[in-house]
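J.: The structure file entry_23.cif (mmCIF, C-alpha atoms and all ligand atoms) is provided below.
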```cif
data_input
#
loop_
_atom_site.label_atom_id
_atom_site.label_comp_id
_atom_site.auth_asym_id
_atom_site.auth_seq_id
_atom_site.Cartn_x
_atom_site.Cartn_y
_atom_site.Cartn_z
CA MET A 1203 -14.65 28.94 20.31
CA SER A 1204 -16.31 26.71 17.70
CA ASP A 1205 -15.35 27.17 14.04
CA ARG A 1206 -18.84 28.40 13.25
CA ARG A 1207 -18.79 30.99 16.00
CA GLN A 1208 -15.31 32.08 14.94
CA PHE A 1209 -16.55 32.48 11.36
CA LEU A 1210 -19.55 34.52 12.52
CA LYS A 1211 -17.36 36.83 14.53
CA GLN A 1212 -14.96 37.40 11.66
CA SER A 1213 -17.68 37.89 9.11
CA LEU A 1214 -19.25 40.60 11.25
CA LEU A 1215 -16.06 42.59 10.98
CA THR A 1216 -16.34 42.75 7.20
CA THR A 1217 -18.74 44.69 5.01
CA GLY A 1218 -21.86 42.69 4.57
CA GLY A 1219 -21.00 40.62 7.57
CA LEU A 1220 -24.24 41.50 9.28
CA ALA A 1221 -26.27 40.17 6.38
CA ALA A 1222 -24.19 37.02 6.23
CA ALA A 1223 -24.64 36.48 9.94
CA SER A 1224 -28.39 37.00 9.83
CA SER A 1225 -28.79 34.62 6.94
CA LEU A 1226 -26.75 31.99 8.73
CA LEU A 1227 -28.85 32.47 11.82
CA ALA A 1228 -32.04 32.33 9.78
CA LYS A 1229 -30.89 28.96 8.47
CA GLY A 1230 -30.83 27.79 12.05
CA ALA A 1231 -27.16 27.95 12.80
CA GLY A 1232 -28.24 27.99 16.42
CA VAL A 1233 -25.74 30.64 17.46
CA GLN A 1234 -26.74 33.61 19.57
CA PRO A 1235 -25.75 36.71 17.57
CA ALA A 1236 -22.88 38.61 19.08
CA VAL A 1237 -23.79 41.56 16.87
CA PRO A 1238 -23.76 44.51 19.24
CA GLU A 1239 -20.35 43.89 20.70
CA VAL A 1240 -18.64 43.91 17.34
CA ALA A 1241 -20.92 46.02 15.18
CA TYR A 1242 -21.02 49.08 17.43
CA LYS A 1243 -17.91 50.78 18.65
CA GLN A 1244 -18.10 52.92 21.74
CA LEU A 1245 -17.25 56.37 20.54
CA ARG A 1246 -15.91 58.99 22.88
CA ASN A 1247 -16.92 62.62 22.86
CA GLN A 1248 -20.14 62.01 21.03
CA GLN A 1249 -22.22 63.75 23.66
CA VAL A 1250 -25.75 64.29 22.47
CA VAL A 1251 -29.19 64.90 23.95
CA VAL A 1252 -32.42 64.44 22.01
CA SER A 1253 -35.98 64.84 23.23
CA THR A 1254 -39.52 64.81 21.97
CA TRP A 1255 -41.31 67.98 20.93
CA ASP A 1256 -40.11 71.55 20.67
CA PHE A 1257 -40.36 72.22 24.39
CA GLY A 1258 -37.56 69.67 24.61
CA GLN A 1259 -35.10 72.37 23.60
CA GLU A 1260 -35.13 73.99 27.02
CA ALA A 1261 -35.03 70.59 28.69
CA ASN A 1262 -32.11 69.56 26.47
CA GLU A 1263 -30.20 72.62 27.56
CA ALA A 1264 -30.54 71.61 31.22
CA ALA A 1265 -29.44 68.07 30.36
CA TRP A 1266 -26.54 69.38 28.29
CA HIS A 1267 -25.33 71.50 31.17
CA VAL A 1268 -25.20 68.39 33.36
CA LEU A 1269 -23.40 66.39 30.67
CA GLN A 1270 -20.76 69.12 30.44
CA GLN A 1271 -19.91 68.56 34.10
CA GLY A 1272 -18.84 65.05 33.10
CA ALA A 1273 -21.96 63.43 34.50
CA ARG A 1274 -23.57 60.22 33.30
CA ALA A 1275 -26.25 60.27 30.64
CA VAL A 1276 -28.82 59.12 33.20
CA ASP A 1277 -28.08 62.18 35.36
CA ALA A 1278 -28.48 64.42 32.35
CA VAL A 1279 -31.85 63.04 31.26
CA GLU A 1280 -33.24 63.22 34.78
CA ALA A 1281 -32.20 66.87 35.09
CA GLY A 1282 -33.51 67.61 31.61
CA VAL A 1283 -37.03 66.30 31.97
CA ARG A 1284 -37.43 67.96 35.35
CA VAL A 1285 -37.70 71.25 33.43
CA PRO A 1286 -41.11 70.59 31.80
CA GLU A 1287 -42.21 68.69 34.93
CA ALA A 1288 -41.90 71.94 36.88
CA ASP A 1289 -43.47 74.14 34.22
CA PRO A 1290 -47.16 74.90 34.95
CA GLU A 1291 -47.66 76.08 31.38
CA ASN A 1292 -46.83 72.66 30.02
CA GLN A 1293 -50.14 70.81 30.42
CA THR A 1294 -48.84 67.38 29.48
CA VAL A 1295 -46.06 66.81 31.98
CA GLY A 1296 -45.84 67.10 35.77
CA TYR A 1297 -47.15 70.21 37.53
CA GLY A 1298 -49.97 71.74 35.50
CA GLY A 1299 -50.64 68.51 33.62
CA ARG A 1300 -54.20 67.84 32.49
CA PRO A 1301 -56.12 65.66 34.92
CA ASP A 1302 -57.98 62.43 34.39
CA ARG A 1303 -61.75 62.29 34.05
CA ASP A 1304 -62.12 62.64 37.83
CA GLY A 1305 -60.01 65.79 37.94
CA ARG A 1306 -56.97 64.02 39.37
CA VAL A 1307 -53.50 64.66 37.95
CA THR A 1308 -51.80 61.27 37.77
CA LEU A 1309 -48.22 61.04 36.53
CA ASP A 1310 -46.37 58.30 34.66
CA ALA A 1311 -42.59 58.24 34.33
CA CYS A 1312 -39.63 55.93 33.82
CA ILE A 1313 -35.87 56.09 33.58
CA MET A 1314 -33.20 53.67 32.36
CA ASP A 1315 -29.41 53.72 32.57
CA GLU A 1316 -26.48 52.14 30.76
CA HIS A 1317 -26.61 48.97 32.88
CA TYR A 1318 -30.21 47.97 32.03
CA ARG A 1319 -31.19 49.32 35.41
CA CYS A 1320 -34.59 50.95 35.34
CA GLY A 1321 -37.27 52.47 37.54
CA ALA A 1322 -40.81 53.67 36.99
CA VAL A 1323 -43.88 55.13 38.64
CA ALA A 1324 -47.38 55.00 37.23
CA GLY A 1325 -50.56 56.79 38.20
CA MET A 1326 -48.76 58.73 40.91
CA GLU A 1327 -50.46 61.80 42.37
CA HIS A 1328 -49.22 64.91 44.20
CA ILE A 1329 -45.49 64.70 43.42
CA MET A 1330 -44.14 67.06 40.78
CA HIS A 1331 -40.94 65.27 39.81
CA ALA A 1332 -42.17 61.82 38.91
CA ILE A 1333 -38.89 61.14 37.08
CA SER A 1334 -36.87 61.55 40.26
CA VAL A 1335 -39.17 59.19 42.12
CA ALA A 1336 -38.69 56.70 39.27
CA ARG A 1337 -34.95 57.09 39.67
CA GLN A 1338 -35.17 56.33 43.35
CA VAL A 1339 -37.28 53.27 42.62
CA MET A 1340 -34.41 52.19 40.37
CA GLU A 1341 -31.71 52.91 42.90
CA LYS A 1342 -33.26 52.18 46.27
CA THR A 1343 -35.58 49.25 45.69
CA PRO A 1344 -35.29 45.79 44.16
CA HIS A 1345 -38.32 46.66 41.98
CA VAL A 1346 -38.85 48.33 38.64
CA MET A 1347 -42.25 49.96 38.99
CA LEU A 1348 -44.43 51.36 41.76
CA VAL A 1349 -47.99 52.50 41.11
CA GLY A 1350 -50.60 54.82 42.59
CA ASP A 1351 -50.67 55.09 46.36
CA GLY A 1352 -47.63 52.84 46.70
CA ALA A 1353 -45.59 55.19 44.53
CA LEU A 1354 -46.80 58.19 46.54
CA GLN A 1355 -46.02 56.47 49.83
CA PHE A 1356 -42.52 55.62 48.60
CA ALA A 1357 -41.97 59.19 47.40
CA LEU A 1358 -43.05 60.71 50.72
CA ALA A 1359 -40.85 58.28 52.63
CA ASN A 1360 -37.92 59.40 50.49
CA GLY A 1361 -38.21 63.11 51.05
CA PHE A 1362 -40.46 64.24 48.21
CA THR A 1363 -43.04 66.90 49.01
CA LYS A 1364 -46.74 66.49 48.44
CA GLN A 1365 -48.33 69.30 46.48
CA ARG A 1366 -51.34 70.19 44.40
CA LEU A 1367 -50.51 69.53 40.75
CA LEU A 1368 -53.80 70.71 39.26
CA THR A 1369 -53.40 74.33 38.23
CA ALA A 1370 -56.32 76.76 37.90
CA LYS A 1371 -55.91 76.66 34.12
CA SER A 1372 -56.03 72.88 33.82
CA GLU A 1373 -58.90 72.70 36.30
CA ALA A 1374 -60.95 75.25 34.37
CA GLU A 1375 -60.38 73.38 31.09
CA TRP A 1376 -61.33 70.08 32.70
CA LYS A 1377 -64.58 71.58 34.05
CA GLU A 1378 -65.33 72.95 30.62
CA TRP A 1379 -64.68 69.53 29.15
CA LEU A 1380 -67.02 67.91 31.68
CA ASN A 1381 -69.84 70.18 30.49
CA THR A 1382 -69.59 69.07 26.92
CA SER A 1383 -68.19 65.54 27.01
CA GLU A 1384 -69.82 62.24 27.65
CA TYR A 1385 -68.37 60.65 30.73
CA LYS A 1386 -67.15 57.53 29.05
CA PRO A 1387 -63.74 56.27 27.97
CA GLN A 1388 -62.50 57.93 24.81
CA ARG A 1389 -59.33 57.11 23.04
CA ASN A 1390 -57.07 59.85 21.83
CA VAL A 1391 -59.12 62.56 23.50
CA GLU A 1392 -56.36 65.10 22.85
CA ASN A 1393 -57.67 65.19 19.28
CA MET A 1394 -60.51 67.29 20.58
CA LEU A 1395 -58.24 69.67 22.43
CA PRO A 1396 -56.52 72.70 20.91
CA GLY A 1397 -54.24 71.53 18.15
CA GLY A 1398 -56.23 68.37 17.42
CA LYS A 1399 -54.62 65.11 16.54
CA TYR A 1400 -51.33 66.80 15.82
CA ASN A 1401 -51.01 68.11 19.31
CA HIS A 1402 -49.73 65.37 21.57
CA ASP A 1403 -47.06 65.88 24.13
CA THR A 1404 -44.98 64.11 26.81
CA ILE A 1405 -41.26 64.34 27.13
CA GLY A 1406 -39.02 61.44 26.22
CA MET A 1407 -35.30 62.22 26.38
CA LEU A 1408 -32.27 60.18 25.32
CA ALA A 1409 -28.63 61.05 25.88
CA MET A 1410 -25.11 59.83 25.36
CA ASP A 1411 -22.36 60.99 27.69
CA ALA A 1412 -18.64 61.57 27.17
CA LYS A 1413 -17.89 57.92 27.90
CA GLY A 1414 -20.30 56.85 25.18
CA ASN A 1415 -22.82 55.56 27.72
CA MET A 1416 -26.52 56.08 27.21
CA GLY A 1417 -29.52 56.93 29.37
CA GLY A 1418 -33.16 57.75 28.84
CA ALA A 1419 -36.15 59.25 30.65
CA CYS A 1420 -39.81 59.64 29.86
CA THR A 1421 -42.41 61.55 31.89
CA THR A 1422 -46.00 62.62 31.33
CA SER A 1423 -49.37 63.37 32.86
CA GLY A 1424 -50.66 60.96 30.24
CA MET A 1425 -53.64 61.12 28.02
CA ALA A 1426 -55.89 63.99 29.06
CA TYR A 1427 -59.19 63.00 30.76
CA LYS A 1428 -58.24 59.34 30.78
CA LEU A 1429 -60.13 56.91 33.00
CA HIS A 1430 -58.76 57.05 36.53
CA GLY A 1431 -56.19 54.27 36.78
CA ARG A 1432 -55.32 54.23 33.09
CA VAL A 1433 -51.61 53.79 32.47
CA GLY A 1434 -50.04 54.69 29.14
CA ASP A 1435 -46.82 53.66 27.49
CA SER A 1436 -44.64 56.32 29.10
CA PRO A 1437 -43.76 54.51 32.37
CA ILE A 1438 -43.49 51.07 30.75
CA ILE A 1439 -39.96 49.96 30.04
CA GLY A 1440 -39.85 48.75 26.45
CA ALA A 1441 -42.97 50.68 25.44
CA GLY A 1442 -42.39 54.38 26.19
CA LEU A 1443 -38.64 54.04 26.67
CA TYR A 1444 -35.84 51.58 26.17
CA VAL A 1445 -32.08 51.91 26.53
CA ASP A 1446 -29.66 49.24 25.43
CA ASN A 1447 -26.17 50.57 25.94
CA GLU A 1448 -24.78 48.20 23.33
CA VAL A 1449 -27.06 49.42 20.57
CA GLY A 1450 -29.03 52.59 21.25
CA ALA A 1451 -32.14 54.00 22.86
CA ALA A 1452 -35.67 54.94 21.87
CA THR A 1453 -38.68 56.74 23.29
CA SER A 1454 -42.20 57.54 22.17
CA SER A 1455 -45.03 60.01 22.36
CA GLY A 1456 -48.63 59.76 21.28
CA VAL A 1457 -51.43 57.33 22.01
CA GLY A 1458 -49.84 55.00 24.50
CA GLU A 1459 -52.16 52.09 23.92
CA GLU A 1460 -50.82 51.74 20.37
CA VAL A 1461 -47.23 51.88 21.58
CA ILE A 1462 -47.78 49.28 24.30
CA ARG A 1463 -49.33 46.84 21.80
CA ILE A 1464 -46.11 46.68 19.80
CA VAL A 1465 -43.72 47.27 22.72
CA GLY A 1466 -42.61 50.16 20.57
CA SER A 1467 -39.37 51.51 22.02
CA HIS A 1468 -37.91 48.05 22.48
CA LEU A 1469 -38.88 47.25 18.91
CA VAL A 1470 -37.08 50.34 17.64
CA VAL A 1471 -33.92 49.39 19.53
CA GLU A 1472 -34.05 45.83 18.22
CA LEU A 1473 -34.43 47.14 14.68
CA MET A 1474 -31.34 49.29 15.20
CA ARG A 1475 -29.57 46.17 16.48
CA MET A 1476 -30.32 44.56 13.13
CA GLY A 1477 -28.55 47.46 11.44
CA LEU A 1478 -31.30 50.00 10.71
CA GLN A 1479 -30.61 53.69 11.07
CA PRO A 1480 -32.62 55.43 13.82
CA GLU A 1481 -35.15 57.07 11.51
CA GLU A 1482 -35.69 53.87 9.55
CA ALA A 1483 -36.17 51.88 12.77
CA CYS A 1484 -38.76 54.43 13.97
CA ARG A 1485 -40.53 54.26 10.61
CA LYS A 1486 -40.81 50.48 10.77
CA ALA A 1487 -42.37 50.67 14.23
CA VAL A 1488 -44.87 53.30 13.07
CA GLU A 1489 -45.71 51.18 10.03
CA ARG A 1490 -46.40 48.23 12.26
CA ILE A 1491 -48.97 50.29 14.15
CA ALA A 1492 -50.56 51.48 10.92
CA ARG A 1493 -50.72 47.98 9.45
CA ARG A 1494 -52.80 46.72 12.34
CA ASN A 1495 -55.59 49.19 11.77
CA PRO A 1496 -54.93 51.62 8.90
CA GLU A 1497 -58.15 53.61 9.32
CA PHE A 1498 -57.66 54.14 13.03
CA ALA A 1499 -54.01 55.03 12.47
CA LYS A 1500 -55.06 57.94 10.25
CA GLU A 1501 -56.73 59.58 13.25
CA THR A 1502 -54.05 58.77 15.78
CA GLN A 1503 -50.68 60.22 16.60
CA VAL A 1504 -47.68 58.14 17.61
CA GLY A 1505 -44.09 59.23 17.18
CA PHE A 1506 -40.81 57.50 17.98
CA LEU A 1507 -37.44 59.09 18.56
CA ALA A 1508 -34.20 57.09 18.57
CA LEU A 1509 -30.50 57.56 19.20
CA ASN A 1510 -27.90 54.96 18.28
CA LYS A 1511 -24.53 54.15 19.73
CA HIS A 1512 -22.80 56.25 17.08
CA GLY A 1513 -24.66 59.33 18.28
CA GLU A 1514 -26.92 59.28 15.22
CA TYR A 1515 -30.56 60.16 15.83
CA GLY A 1516 -33.84 60.05 13.95
CA ALA A 1517 -37.60 60.06 14.41
CA PHE A 1518 -40.75 59.10 12.60
CA ALA A 1519 -44.47 59.58 13.34
CA LEU A 1520 -47.90 58.61 12.12
CA GLN A 1521 -48.97 62.24 11.67
CA GLN A 1522 -47.20 65.39 10.68
CA GLY A 1523 -46.20 67.71 13.48
CA PHE A 1524 -44.02 65.45 15.62
CA SER A 1525 -41.00 67.60 16.43
CA PHE A 1526 -37.90 66.77 18.39
CA ALA A 1527 -35.05 68.77 19.86
CA VAL A 1528 -31.37 67.97 19.43
CA ARG A 1529 -28.39 69.26 21.40
CA THR A 1530 -24.79 68.47 20.50
CA HIS A 1531 -21.54 70.43 20.69
CA THR A 1532 -22.44 72.06 17.41
CA THR A 1533 -26.25 72.08 17.29
CA ASN A 1534 -29.20 73.14 19.35
CA GLU A 1535 -32.17 72.80 17.08
CA ILE A 1536 -35.69 71.58 16.54
CA HIS A 1537 -36.37 69.04 13.79
CA GLN A 1538 -39.66 67.98 12.25
CA ALA A 1539 -40.03 64.22 12.00
CA LYS A 1540 -41.21 62.70 8.75
CA SER A 1541 -44.59 61.01 8.98
CA LEU A 1542 -46.60 58.28 7.35
CA PHE A 1543 -49.61 60.47 6.69
CA GLY A 1544 -48.22 63.76 5.50
CA GLY A 1545 -44.65 63.18 4.38
C1 LIG A 1601 -49.75 58.36 27.01
N1 LIG A 1601 -47.93 58.55 25.45
O1 LIG A 1601 -50.11 58.50 28.17
C2 LIG A 1601 -48.64 59.24 26.50
C3 LIG A 1601 -49.23 60.52 26.12
C4 LIG A 1601 -48.59 61.22 25.01
O2 LIG A 1601 -48.77 62.59 23.25
O3 LIG A 1601 -47.45 61.03 24.68
N2 LIG A 1601 -49.31 62.03 24.31
O4 LIG A 1601 -50.29 57.57 26.24
#
```
Turn this file's structure into structure tokens for me.
Ligand code: SD4

T.:
Amino acid sequence: MSDRRQFLKQSLLTTGGLAAASSLLAKGAGVQPAVPEVAYKQLRNQQVVVSTWDFGQEANEAAWHVLQQGARAVDAVEAGVRVPEADPENQTVGYGGRPDRDGRVTLDACIMDEHYRCGAVAGMEHIMHAISVARQVMEKTPHVMLVGDGALQFALANGFTKQRLLTAKSEAEWKEWLNTSEYKPQRNVENMLPGGKYNHDTIGMLAMDAKGNMGGACTTSGMAYKLHGRVGDSPIIGAGLYVDNEVGAATSSGVGEEVIRIVGSHLVVELMRMGLQPEEACRKAVERIARRNPEFAKETQVGFLALNKHGEYGAFALQQGFSFAVRTHTTNEIHQAKSLFGG
């Protein structure tokens, strides 16, 4: 190992080593930072599950149950998000989700494990558990993402059952919306739905298992009354979800277009890699969105949720009202994230 590399490695083990390393790198030392390996210890018995929104509490419980069997984090998050996917009362995920402008329920989902393996489906119709199809894309194909009819075809070939996802309630609301809305693309249409701009949903879930390994899942029916074919951030690795087992994981909810533009979840993880705490990393990502278009940001909701390798978690949103659920050995609670507009 070169002297410089040796120095970098040693300095990282001391307080302030991170700063010293970054400044050396900034001066063009030309060394790839070995930060994660030395700055984050793998802790055992730090099992934790976090997920977006208050309905995440029930989902967390299902994930927690799986974790307690000694399963991997990726198994836990898949089991967890299947709960809202199957719930017809939840109109933002899976069965019962709000349709697109043409009355079609199209689902977006992705999953990522501790080995950077990932799978996703986008714009998939007729299959309730989009997350499990995403998992099979990850495990059974050489690809990362399948879309639309291709995703459906793959799901059917792998034993999933086709069913009607549009419930009477969501159909009635969509028809009502058609009566009063112009049939043209509208951003952030949920602002006009009950709860206004504070009422976004989608489940993003992150977990750490007993071995200290991480996994994440994100699943949604996407923005209500979107153009047919529109894909949000939720199934896009790096945007709606990212897991780096050396550093931590992040997920998002809100207006997906804004998240995609900054590759939000990957950004949050990279900020944690630089040493930021989860909440601070989420705040920086939110601020980046707001800086681009401050006026628009005031009317838009985006929230990030992050979990680091120490089992520490945090969240931050543009607007008030972004809640998240946390399950550990000692807690099972809902937290309100801080926000840029509203404290
Ligand atoms: C999307 N991010 O499709 C999702 C929707 C969402 O709160 O999270 N709404 O853009």

J.: Can you work out which one of A:Phe1518, A:Tyr1427, A:Phe1506, A:Tyr1444 has the shortest atom-to-atom distance to Gly1305 (chain A), counting all atoms listed in the file?

T.: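 Once distances to Gly1305 (chain A) are computed over all atoms listed in the file, the minimum belongs to A:Tyr1427.
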
J.: Distance limit 7 Å, reference ligand LIG 1601 (chain A), atoms considered: only C-alpha atoms and all ligand atoms. Which residues make the cut? Give them as a short mmCIF file (atom, residue, chain, number, x, y, z; two decimals) with C-alpha atoms, in the frame of the given file.

T.:
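What follows is the written file part.cif:
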```
data_model
loop_
_atom_site.label_atom_id
_atom_site.label_comp_id
_atom_site.auth_asym_id
_atom_site.auth_seq_id
_atom_site.Cartn_x
_atom_site.Cartn_y
_atom_site.Cartn_z
CA HIS A 1402 -49.73 65.37 21.57
CA ASP A 1403 -47.06 65.88 24.13
CA THR A 1404 -44.98 64.11 26.81
CA THR A 1422 -46.00 62.62 31.33
CA SER A 1423 -49.37 63.37 32.86
CA GLY A 1424 -50.66 60.96 30.24
CA MET A 1425 -53.64 61.12 28.02
CA VAL A 1433 -51.61 53.79 32.47
CA GLY A 1434 -50.04 54.69 29.14
CA ASP A 1435 -46.82 53.66 27.49
CA SER A 1436 -44.64 56.32 29.10
CA GLY A 1442 -42.39 54.38 26.19
CA SER A 1454 -42.20 57.54 22.17
CA SER A 1455 -45.03 60.01 22.36
CA GLY A 1456 -48.63 59.76 21.28
CA VAL A 1457 -51.43 57.33 22.01
CA GLY A 1458 -49.84 55.00 24.50
CA GLU A 1459 -52.16 52.09 23.92
#
```

J.: What gap, in Å, lies between CA of Gly1350 (chain A) and CA of Ala1324 (chain A)?

T.: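 We find that CA of Gly1350 (chain A) and CA of Ala1324 (chain A) lie 6.3 Å from each other.
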
J.: Is it possible to get the residues within 10 Å of (-32.8, 66.2, 28.6) (coordinates as in the file, counting only C-alpha atoms) written as a ChimeraX atom specification?

T.: /A:1250-1254,1258-1269,1275-1286,1405-1409,1417-1420,1527-1529

J.: So what do you get for CA of Thr1530 (chain A) versus CA of Ala1452 (chain A), distance-wise?

T.: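 Separating CA of Thr1530 (chain A) from CA of Ala1452 (chain A) is a distance of 17.4 Å.
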
J.: Rank A:Asp1302, A:Glu1460, A:Glu1489, A:Glu1316 by their smallest atom-to-atom distance to Ala1519 (chain A), using all atoms listed in the file, and report the top residue only.

T.: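 Closest to Ala1519 (chain A), using all atoms listed in the file: A:Glu1489.
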
J.: Could you jot down the CA of Gln1248 (chain A) to CA of Gln1479 (chain A) separation for me, Å, one decimal place?

T.: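 Computing it gives 16.7 Å between the two atoms.
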
J.: Pick the closest to Arg1337 (chain A) from A:Cys1312, A:Ile1439, A:Leu1429, A:Ala1487: which is it, counting all atoms listed in the file?

T.: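 Distance minimum relative to Arg1337 (chain A) lands on A:Cys1312.
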
J.: Write out as a ChimeraX atom specification the residues lying within 7 Å of region 1521-1525 of chain A, counting only C-alpha atoms and excluding same-chain residues fewer than 6 positions away.

T.: /A:1254-1256,1400,1503,1505,1536-1544
